[in-house]
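So the structure is just underneath, and the comments pick up after that.
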2 protein chains.
Amino acid sequence: MQDLLFGFISKYVTLTEDEKNAIVSLNIFRSAKKGTTLLKEGQKSNDGYFVLKGCIRTYYVIDGEEKTTAFYTEMEGLTPHCVINKTPSEYFISCVEDSILTIADPEMEVDIFKKFPKFETLCRVLSEELLAKQQINFDEYKTSSPEQRYLNLLQKRPDLIQRVPQHQLASYLGIKPQSLSRLRARILKKNKG
Amino acid sequence: MQDLLFGFISKYVTLTEDEKNAIVSLNIFRSAKKGTTLLKEGQKSNDGYFVLKGCIRTYYVIDGEEKTTAFYTEMEGLTPHCVINKTPSEYFISCVEDSILTIADPEMEVDIFKKFPKFETLCRVLSEELLAKQQINFDEYKTSSPEQRYLNLLQKRPDLIQRVPQHQLASYLGIKPQSLSRLRARILKKNKG
DNA sequence: TGAATTCGTTCACTTAAGTTAAGAAATGAA
DNA sequence: TTCATTTCTTAACTTAAGTGAACGAATTCA
């Protein structure tokens, strides 16, 4: 299961055995059952997450309703807002599927960065990549309708539509489950007739 | 006009006269008239922008229609996606008002960082702050209706509503100008009776 | 396994945004 | 200042999402 992580990292930097061992010795690998809540609203935490296998989601609870704002699947990572901000979390994080994650406190990072500056480069590159991706994501969301967003998702992350419950997907697309059902029926009709 | 920049920077780090002079000698201060296009779709550029005075916006042109995705006002900065990605720009950037900006190529930054490591800290802190802000922004956008978004804007950036044309605001809120008019009339009615 | 809950779809009705059009107000250029 | 253009608002109509309810299917778990 570590191989998943090292395979991913190898796309960015080359690690020596020493460096790999340093990572393993941090003991950051965790597995979590479907439905497990990793972070609760109001909670303080310093943990960042990286998905090796499975799927996790972030969601707000507003007027008793879940509003899913993001899904993270294989080789995607998340540093919750509350970690950066040192404030109680405004949202929940939970497992959509049984998952294998790395869970790491950025405090650790400082030590590792000193020992292996290579890791700092890795983290900077990853976060820049993430920022760029997020910007484009937001722009796409803003410039398209729910139907377009669904079709876009179908193109870009077809796996999500299979592995995530409809009502969570709907919320992620900014609509109600009933509207997603209707929208899908509408698309099907168009493609037939 | 440099004082605006140094006043802002002083909130994060303290600069010596030497360091201030180093910045001034970079000759990064520019002024631009309302309506000036700073970056066009399809264009390649390495320039990052920081607004000292005035207001700039980013917008896409989709099916001949402008879709405004962001406004940047005093003490806000923007590194366009095309700079990070080294690709042609997917959007336009233009001045909403007569503006005073710093326009800097990140290539320059490397030199400055070497001379004054303090600047790297400054940039890292600023970009982390920005990332956190953006995440929250996106989440708020996703979890609220156009009307809520308008009311939210009224709270958080009341100046924008004064200084930006309605049709650009509407686009920014994800709706048509007609809908913004209607929505405002609706709110006014509620508050009366 | 069987009962209970959650989930997904459909329907009828409501609400709000999109569209088209027209006219008033503000802005800008000659 | 005047004329032209752009911007903002209003209105009538269309379209799509929200709401509440019902029902069968799938999932959970005791």
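Residues are named by chain letter and number: chains run A, B, ... in the order of the structure tokens, numbers start at 1 in each chain, and ligands are numbered from 1 in the order shown.
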
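The part of chain C that reaches within 10 Å of chain A is made up of DC7, DG8, DT9 and DT10 of chain C, counting only C-alpha atoms (C1' of nucleotides).
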
With all heavy atoms retained, could you export that selection as a short mmCIF file (atom, residue, chain, number, x, y, z; two decimals), in the first residue's frame?
```
data_model
loop_
_atom_site.label_atom_id
_atom_site.label_comp_id
_atom_site.auth_asym_id
_atom_site.auth_seq_id
_atom_site.Cartn_x
_atom_site.Cartn_y
_atom_site.Cartn_z
P DC C 7 -29.14 7.63 2.46
OP1 DC C 7 -27.67 7.54 2.34
OP2 DC C 7 -29.80 8.88 2.87
"O5'" DC C 7 -29.77 7.14 1.09
"C5'" DC C 7 -29.46 5.83 0.62
"C4'" DC C 7 -30.08 5.62 -0.75
"O4'" DC C 7 -31.48 5.31 -0.60
"C3'" DC C 7 -29.99 6.83 -1.68
"O3'" DC C 7 -29.40 6.38 -2.89
"C2'" DC C 7 -31.44 7.28 -1.85
"C1'" DC C 7 -32.23 6.00 -1.56
N1 DC C 7 -33.59 6.16 -0.98
C2 DC C 7 -34.68 5.49 -1.55
O2 DC C 7 -34.48 4.79 -2.56
N3 DC C 7 -35.90 5.62 -0.99
C4 DC C 7 -36.06 6.38 0.08
N4 DC C 7 -37.31 6.47 0.61
C5 DC C 7 -34.98 7.07 0.69
C6 DC C 7 -33.77 6.95 0.13
P DG C 8 -29.11 7.45 -4.08
OP1 DG C 8 -27.91 7.00 -4.81
OP2 DG C 8 -29.21 8.81 -3.53
"O5'" DG C 8 -30.36 7.21 -5.03
"C5'" DG C 8 -30.42 6.02 -5.81
"C4'" DG C 8 -31.69 6.03 -6.63
"O4'" DG C 8 -32.82 6.10 -5.74
"C3'" DG C 8 -31.80 7.24 -7.56
"O3'" DG C 8 -32.02 6.74 -8.88
"C2'" DG C 8 -32.99 8.04 -7.04
"C1'" DG C 8 -33.77 7.01 -6.24
N9 DG C 8 -34.48 7.54 -5.08
C8 DG C 8 -33.98 8.36 -4.09
N7 DG C 8 -34.86 8.64 -3.17
C5 DG C 8 -36.01 7.98 -3.57
C6 DG C 8 -37.29 7.91 -2.99
O6 DG C 8 -37.69 8.45 -1.95
N1 DG C 8 -38.16 7.11 -3.74
C2 DG C 8 -37.83 6.47 -4.90
N2 DG C 8 -38.79 5.76 -5.48
N3 DG C 8 -36.63 6.53 -5.47
C4 DG C 8 -35.79 7.28 -4.75
P DT C 9 -32.26 7.78 -10.10
OP1 DT C 9 -31.76 7.12 -11.34
OP2 DT C 9 -31.77 9.11 -9.70
"O5'" DT C 9 -33.84 7.81 -10.21
"C5'" DT C 9 -34.53 6.61 -10.53
"C4'" DT C 9 -36.02 6.87 -10.47
"O4'" DT C 9 -36.37 7.30 -9.14
"C3'" DT C 9 -36.53 7.95 -11.43
"O3'" DT C 9 -37.39 7.32 -12.36
"C2'" DT C 9 -37.24 8.97 -10.52
"C1'" DT C 9 -37.47 8.17 -9.24
N1 DT C 9 -37.50 8.94 -7.98
C2 DT C 9 -38.64 8.92 -7.23
O2 DT C 9 -39.64 8.31 -7.56
N3 DT C 9 -38.58 9.64 -6.05
C4 DT C 9 -37.50 10.36 -5.58
O4 DT C 9 -37.56 10.96 -4.52
C5 DT C 9 -36.33 10.34 -6.41
C7 DT C 9 -35.10 11.09 -6.00
C6 DT C 9 -36.38 9.65 -7.56
P DT C 10 -37.92 8.14 -13.66
OP1 DT C 10 -38.13 7.13 -14.71
OP2 DT C 10 -37.04 9.29 -13.89
"O5'" DT C 10 -39.34 8.68 -13.19
"C5'" DT C 10 -40.34 7.76 -12.77
"C4'" DT C 10 -41.47 8.51 -12.12
"O4'" DT C 10 -41.05 9.04 -10.85
"C3'" DT C 10 -42.01 9.71 -12.92
"O3'" DT C 10 -43.34 9.42 -13.30
"C2'" DT C 10 -41.91 10.89 -11.96
"C1'" DT C 10 -41.78 10.21 -10.60
N1 DT C 10 -41.02 10.98 -9.57
C2 DT C 10 -41.61 11.22 -8.36
O2 DT C 10 -42.74 10.85 -8.09
N3 DT C 10 -40.84 11.92 -7.47
C4 DT C 10 -39.54 12.39 -7.69
O4 DT C 10 -38.95 13.00 -6.82
C5 DT C 10 -38.99 12.09 -8.98
C7 DT C 10 -37.60 12.55 -9.30
C6 DT C 10 -39.74 11.41 -9.85
#
```

Chain A residues within 7 Å of chain B, counting only C-alpha atoms: which ones, as a PyMOL selection string?
chain A and resi 67+69+81+131-132+138-139+142-143+174

Take the residues from that selection and write them out as a PDB file, in the first residue's frame, keeping C-alpha atoms.
```pdb
ATOM      1  CA  LYS A  67     -24.081  20.321   1.116  1.00  0.00           C
ATOM      2  CA  THR A  69     -18.556  20.678  -1.831  1.00  0.00           C
ATOM      3  CA  HIS A  81      -9.296  25.049   5.930  1.00  0.00           C
ATOM      4  CA  LEU A 131      -4.441  25.920  -6.720  1.00  0.00           C
ATOM      5  CA  ALA A 132      -4.472  26.116 -10.513  1.00  0.00           C
ATOM      6  CA  PHE A 138     -14.473  27.284  -9.784  1.00  0.00           C
ATOM      7  CA  ASP A 139     -14.588  29.105 -13.108  1.00  0.00           C
ATOM      8  CA  LYS A 142     -19.644  29.498 -12.306  1.00  0.00           C
ATOM      9  CA  THR A 143     -19.900  29.549 -16.064  1.00  0.00           C
ATOM     10  CA  GLY A 174     -25.655  22.468  -6.630  1.00  0.00           C
TER      11      GLY A 174
END
```

Contacts from chain D to chain B, 12 Å maximum, only C-alpha atoms (C1' of nucleotides): show me the residue list as a PDB file with C-alpha atoms (C1' of nucleotides), in the first residue's frame.
```pdb
ATOM      1  C1'  DT D   6     -24.490  51.514 -23.498  1.00  0.00           C
ATOM      2  C1'  DT D   7     -26.695  50.388 -19.284  1.00  0.00           C
ATOM      3  C1'  DC D   8     -30.554  49.497 -16.276  1.00  0.00           C
ATOM      4  C1'  DT D   9     -35.218  48.390 -15.434  1.00  0.00           C
ATOM      5  C1'  DT D  10     -39.748  46.479 -16.308  1.00  0.00           C
ATOM      6  C1'  DA D  11     -42.880  43.180 -18.323  1.00  0.00           C
ATOM      7  C1'  DA D  17     -35.003  24.053 -10.335  1.00  0.00           C
ATOM      8  C1'  DG D  18     -37.328  23.753  -5.497  1.00  0.00           C
TER       9       DG D  18
END
```

With only C-alpha atoms (C1' of nucleotides) as the counted atoms, please give the residues lying no more than 9 Å from region 95-107 of chain A, apart from itself and same-chain residues fewer than 5 positions off, as a PDB file with N, CA, C and O atoms, in the first residue's frame.
```
ATOM      1  N   MET A   1       0.821  -1.207   0.000  1.00  0.00           N
ATOM      2  CA  MET A   1       0.000   0.000   0.000  1.00  0.00           C
ATOM      3  C   MET A   1       0.859   1.261   0.000  1.00  0.00           C
ATOM      4  O   MET A   1       0.465   2.288  -0.551  1.00  0.00           O
ATOM      5  N   LEU A   5       1.748   5.275  -2.788  1.00  0.00           N
ATOM      6  CA  LEU A   5       2.258   6.603  -2.482  1.00  0.00           C
ATOM      7  C   LEU A   5       3.566   6.878  -3.212  1.00  0.00           C
ATOM      8  O   LEU A   5       3.730   7.919  -3.854  1.00  0.00           O
ATOM      9  N   LEU A  26       7.128   7.446   9.675  1.00  0.00           N
ATOM     10  CA  LEU A  26       6.225   8.456  10.233  1.00  0.00           C
ATOM     11  C   LEU A  26       4.900   7.843  10.646  1.00  0.00           C
ATOM     12  O   LEU A  26       4.129   8.448  11.382  1.00  0.00           O
ATOM     13  N   ASN A  27       4.635   6.655  10.077  1.00  0.00           N
ATOM     14  CA  ASN A  27       3.428   5.943  10.468  1.00  0.00           C
ATOM     15  C   ASN A  27       2.171   6.760  10.160  1.00  0.00           C
ATOM     16  O   ASN A  27       1.345   7.024  11.028  1.00  0.00           O
ATOM     17  N   ILE A  28       2.074   7.178   8.920  1.00  0.00           N
ATOM     18  CA  ILE A  28       0.958   8.028   8.532  1.00  0.00           C
ATOM     19  C   ILE A  28      -0.124   7.288   7.766  1.00  0.00           C
ATOM     20  O   ILE A  28      -1.112   7.864   7.351  1.00  0.00           O
ATOM     21  N   PHE A  29       0.036   5.978   7.578  1.00  0.00           N
ATOM     22  CA  PHE A  29      -0.947   5.235   6.793  1.00  0.00           C
ATOM     23  C   PHE A  29      -2.096   4.774   7.674  1.00  0.00           C
ATOM     24  O   PHE A  29      -1.881   4.215   8.737  1.00  0.00           O
ATOM     25  N   ARG A  30      -3.317   5.049   7.203  1.00  0.00           N
ATOM     26  CA  ARG A  30      -4.514   4.672   7.953  1.00  0.00           C
ATOM     27  C   ARG A  30      -5.529   4.084   6.995  1.00  0.00           C
ATOM     28  O   ARG A  30      -5.586   4.474   5.832  1.00  0.00           O
ATOM     29  N   SER A  31      -6.346   3.180   7.496  1.00  0.00           N
ATOM     30  CA  SER A  31      -7.493   2.791   6.679  1.00  0.00           C
ATOM     31  C   SER A  31      -8.766   3.138   7.437  1.00  0.00           C
ATOM     32  O   SER A  31      -8.787   3.163   8.672  1.00  0.00           O
ATOM     33  N   ALA A  32      -9.821   3.458   6.699  1.00  0.00           N
ATOM     34  CA  ALA A  32     -11.060   3.919   7.328  1.00  0.00           C
ATOM     35  C   ALA A  32     -12.256   3.345   6.585  1.00  0.00           C
ATOM     36  O   ALA A  32     -12.274   3.321   5.355  1.00  0.00           O
ATOM     37  N   LYS A  33     -13.237   2.881   7.347  1.00  0.00           N
ATOM     38  CA  LYS A  33     -14.439   2.278   6.783  1.00  0.00           C
ATOM     39  C   LYS A  33     -15.343   3.338   6.165  1.00  0.00           C
ATOM     40  O   LYS A  33     -15.373   4.484   6.631  1.00  0.00           O
ATOM     41  N   LYS A  34     -16.056   2.917   5.152  1.00  0.00           N
ATOM     42  CA  LYS A  34     -17.121   3.723   4.555  1.00  0.00           C
ATOM     43  C   LYS A  34     -17.985   4.351   5.646  1.00  0.00           C
ATOM     44  O   LYS A  34     -18.375   3.657   6.589  1.00  0.00           O
ATOM     45  N   GLY A  35     -18.266   5.629   5.514  1.00  0.00           N
ATOM     46  CA  GLY A  35     -19.133   6.298   6.483  1.00  0.00           C
ATOM     47  C   GLY A  35     -18.395   6.919   7.660  1.00  0.00           C
ATOM     48  O   GLY A  35     -18.959   7.734   8.384  1.00  0.00           O
ATOM     49  N   THR A  36     -17.141   6.535   7.837  1.00  0.00           N
ATOM     50  CA  THR A  36     -16.353   7.110   8.942  1.00  0.00           C
ATOM     51  C   THR A  36     -16.242   8.620   8.797  1.00  0.00           C
ATOM     52  O   THR A  36     -15.955   9.125   7.721  1.00  0.00           O
ATOM     53  N   THR A  37     -16.477   9.328   9.892  1.00  0.00           N
ATOM     54  CA  THR A  37     -16.291  10.779   9.876  1.00  0.00           C
ATOM     55  C   THR A  37     -14.870  11.100  10.324  1.00  0.00           C
ATOM     56  O   THR A  37     -14.470  10.752  11.429  1.00  0.00           O
ATOM     57  N   LEU A  38     -14.106  11.746   9.456  1.00  0.00           N
ATOM     58  CA  LEU A  38     -12.702  12.053   9.761  1.00  0.00           C
ATOM     59  C   LEU A  38     -12.575  13.376  10.499  1.00  0.00           C
ATOM     60  O   LEU A  38     -11.686  13.561  11.318  1.00  0.00           O
ATOM     61  N   SER A  45      -8.348  20.616  14.324  1.00  0.00           N
ATOM     62  CA  SER A  45      -7.501  19.511  13.890  1.00  0.00           C
ATOM     63  C   SER A  45      -6.317  20.054  13.109  1.00  0.00           C
ATOM     64  O   SER A  45      -6.375  21.144  12.543  1.00  0.00           O
ATOM     65  N   ASN A  46      -5.243  19.280  13.081  1.00  0.00           N
ATOM     66  CA  ASN A  46      -4.090  19.673  12.282  1.00  0.00           C
ATOM     67  C   ASN A  46      -3.793  18.670  11.192  1.00  0.00           C
ATOM     68  O   ASN A  46      -2.727  18.693  10.595  1.00  0.00           O
ATOM     69  N   ASP A  47      -4.743  17.777  10.937  1.00  0.00           N
ATOM     70  CA  ASP A  47      -4.477  16.696  10.005  1.00  0.00           C
ATOM     71  C   ASP A  47      -4.801  17.058   8.557  1.00  0.00           C
ATOM     72  O   ASP A  47      -5.869  17.580   8.254  1.00  0.00           O
ATOM     73  N   GLY A  48      -3.841  16.742   7.695  1.00  0.00           N
ATOM     74  CA  GLY A  48      -4.082  16.789   6.264  1.00  0.00           C
ATOM     75  C   GLY A  48      -4.289  15.373   5.763  1.00  0.00           C
ATOM     76  O   GLY A  48      -3.789  14.419   6.361  1.00  0.00           O
ATOM     77  N   TYR A  49      -5.064  15.228   4.687  1.00  0.00           N
ATOM     78  CA  TYR A  49      -5.399  13.896   4.189  1.00  0.00           C
ATOM     79  C   TYR A  49      -4.915  13.714   2.763  1.00  0.00           C
ATOM     80  O   TYR A  49      -4.948  14.648   1.960  1.00  0.00           O
ATOM     81  N   PHE A  50      -4.489  12.496   2.461  1.00  0.00           N
ATOM     82  CA  PHE A  50      -4.136  12.157   1.091  1.00  0.00           C
ATOM     83  C   PHE A  50      -4.718  10.784   0.802  1.00  0.00           C
ATOM     84  O   PHE A  50      -4.498   9.831   1.564  1.00  0.00           O
ATOM     85  N   VAL A  51      -5.503  10.686  -0.275  1.00  0.00           N
ATOM     86  CA  VAL A  51      -6.224   9.449  -0.558  1.00  0.00           C
ATOM     87  C   VAL A  51      -5.364   8.510  -1.399  1.00  0.00           C
ATOM     88  O   VAL A  51      -4.982   8.848  -2.522  1.00  0.00           O
ATOM     89  N   LEU A  52      -5.050   7.345  -0.860  1.00  0.00           N
ATOM     90  CA  LEU A  52      -4.318   6.329  -1.622  1.00  0.00           C
ATOM     91  C   LEU A  52      -5.287   5.418  -2.342  1.00  0.00           C
ATOM     92  O   LEU A  52      -5.045   4.979  -3.459  1.00  0.00           O
ATOM     93  N   LYS A  53      -6.411   5.151  -1.680  1.00  0.00           N
ATOM     94  CA  LYS A  53      -7.428   4.266  -2.237  1.00  0.00           C
ATOM     95  C   LYS A  53      -8.748   4.648  -1.616  1.00  0.00           C
ATOM     96  O   LYS A  53      -8.802   4.902  -0.418  1.00  0.00           O
ATOM     97  N   GLY A  54      -9.804   4.705  -2.424  1.00  0.00           N
ATOM     98  CA  GLY A  54     -11.109   5.037  -1.885  1.00  0.00           C
ATOM     99  C   GLY A  54     -11.539   6.442  -2.245  1.00  0.00           C
ATOM    100  O   GLY A  54     -11.078   7.006  -3.235  1.00  0.00           O
ATOM    101  N   CYS A  55     -12.410   6.995  -1.430  1.00  0.00           N
ATOM    102  CA  CYS A  55     -13.003   8.296  -1.731  1.00  0.00           C
ATOM    103  C   CYS A  55     -13.490   8.967  -0.460  1.00  0.00           C
ATOM    104  O   CYS A  55     -14.158   8.339   0.365  1.00  0.00           O
ATOM    105  N   ILE A  56     -13.115  10.215  -0.270  1.00  0.00           N
ATOM    106  CA  ILE A  56     -13.638  10.988   0.857  1.00  0.00           C
ATOM    107  C   ILE A  56     -14.317  12.253   0.330  1.00  0.00           C
ATOM    108  O   ILE A  56     -14.106  12.646  -0.806  1.00  0.00           O
ATOM    109  N   ARG A  57     -15.167  12.842   1.164  1.00  0.00           N
ATOM    110  CA  ARG A  57     -15.866  14.049   0.745  1.00  0.00           C
ATOM    111  C   ARG A  57     -15.881  15.083   1.857  1.00  0.00           C
ATOM    112  O   ARG A  57     -15.807  14.736   3.039  1.00  0.00           O
ATOM    113  N   PHE A  71     -15.175  16.075  -3.627  1.00  0.00           N
ATOM    114  CA  PHE A  71     -14.798  14.670  -3.487  1.00  0.00           C
ATOM    115  C   PHE A  71     -13.301  14.536  -3.750  1.00  0.00           C
ATOM    116  O   PHE A  71     -12.774  15.208  -4.636  1.00  0.00           O
ATOM    117  N   VAL A  83      -7.053  23.789   9.323  1.00  0.00           N
ATOM    118  CA  VAL A  83      -5.640  23.548   9.590  1.00  0.00           C
ATOM    119  C   VAL A  83      -4.820  24.792   9.226  1.00  0.00           C
ATOM    120  O   VAL A  83      -3.959  25.231   9.981  1.00  0.00           O
ATOM    121  N   ARG A 163     -19.496   5.720  -8.231  1.00  0.00           N
ATOM    122  CA  ARG A 163     -19.157   5.337  -6.868  1.00  0.00           C
ATOM    123  C   ARG A 163     -19.791   6.196  -5.780  1.00  0.00           C
ATOM    124  O   ARG A 163     -19.733   5.839  -4.605  1.00  0.00           O
ATOM    125  N   VAL A 164     -20.396   7.317  -6.168  1.00  0.00           N
ATOM    126  CA  VAL A 164     -20.962   8.238  -5.182  1.00  0.00           C
ATOM    127  C   VAL A 164     -22.492   8.193  -5.239  1.00  0.00           C
ATOM    128  O   VAL A 164     -23.055   8.174  -6.315  1.00  0.00           O
ATOM    129  N   PRO A 165     -23.178   8.159  -4.073  1.00  0.00           N
ATOM    130  CA  PRO A 165     -24.645   8.186  -4.053  1.00  0.00           C
ATOM    131  C   PRO A 165     -25.190   9.424  -4.774  1.00  0.00           C
ATOM    132  O   PRO A 165     -24.606  10.504  -4.684  1.00  0.00           O
TER     133      PRO A 165
END
```
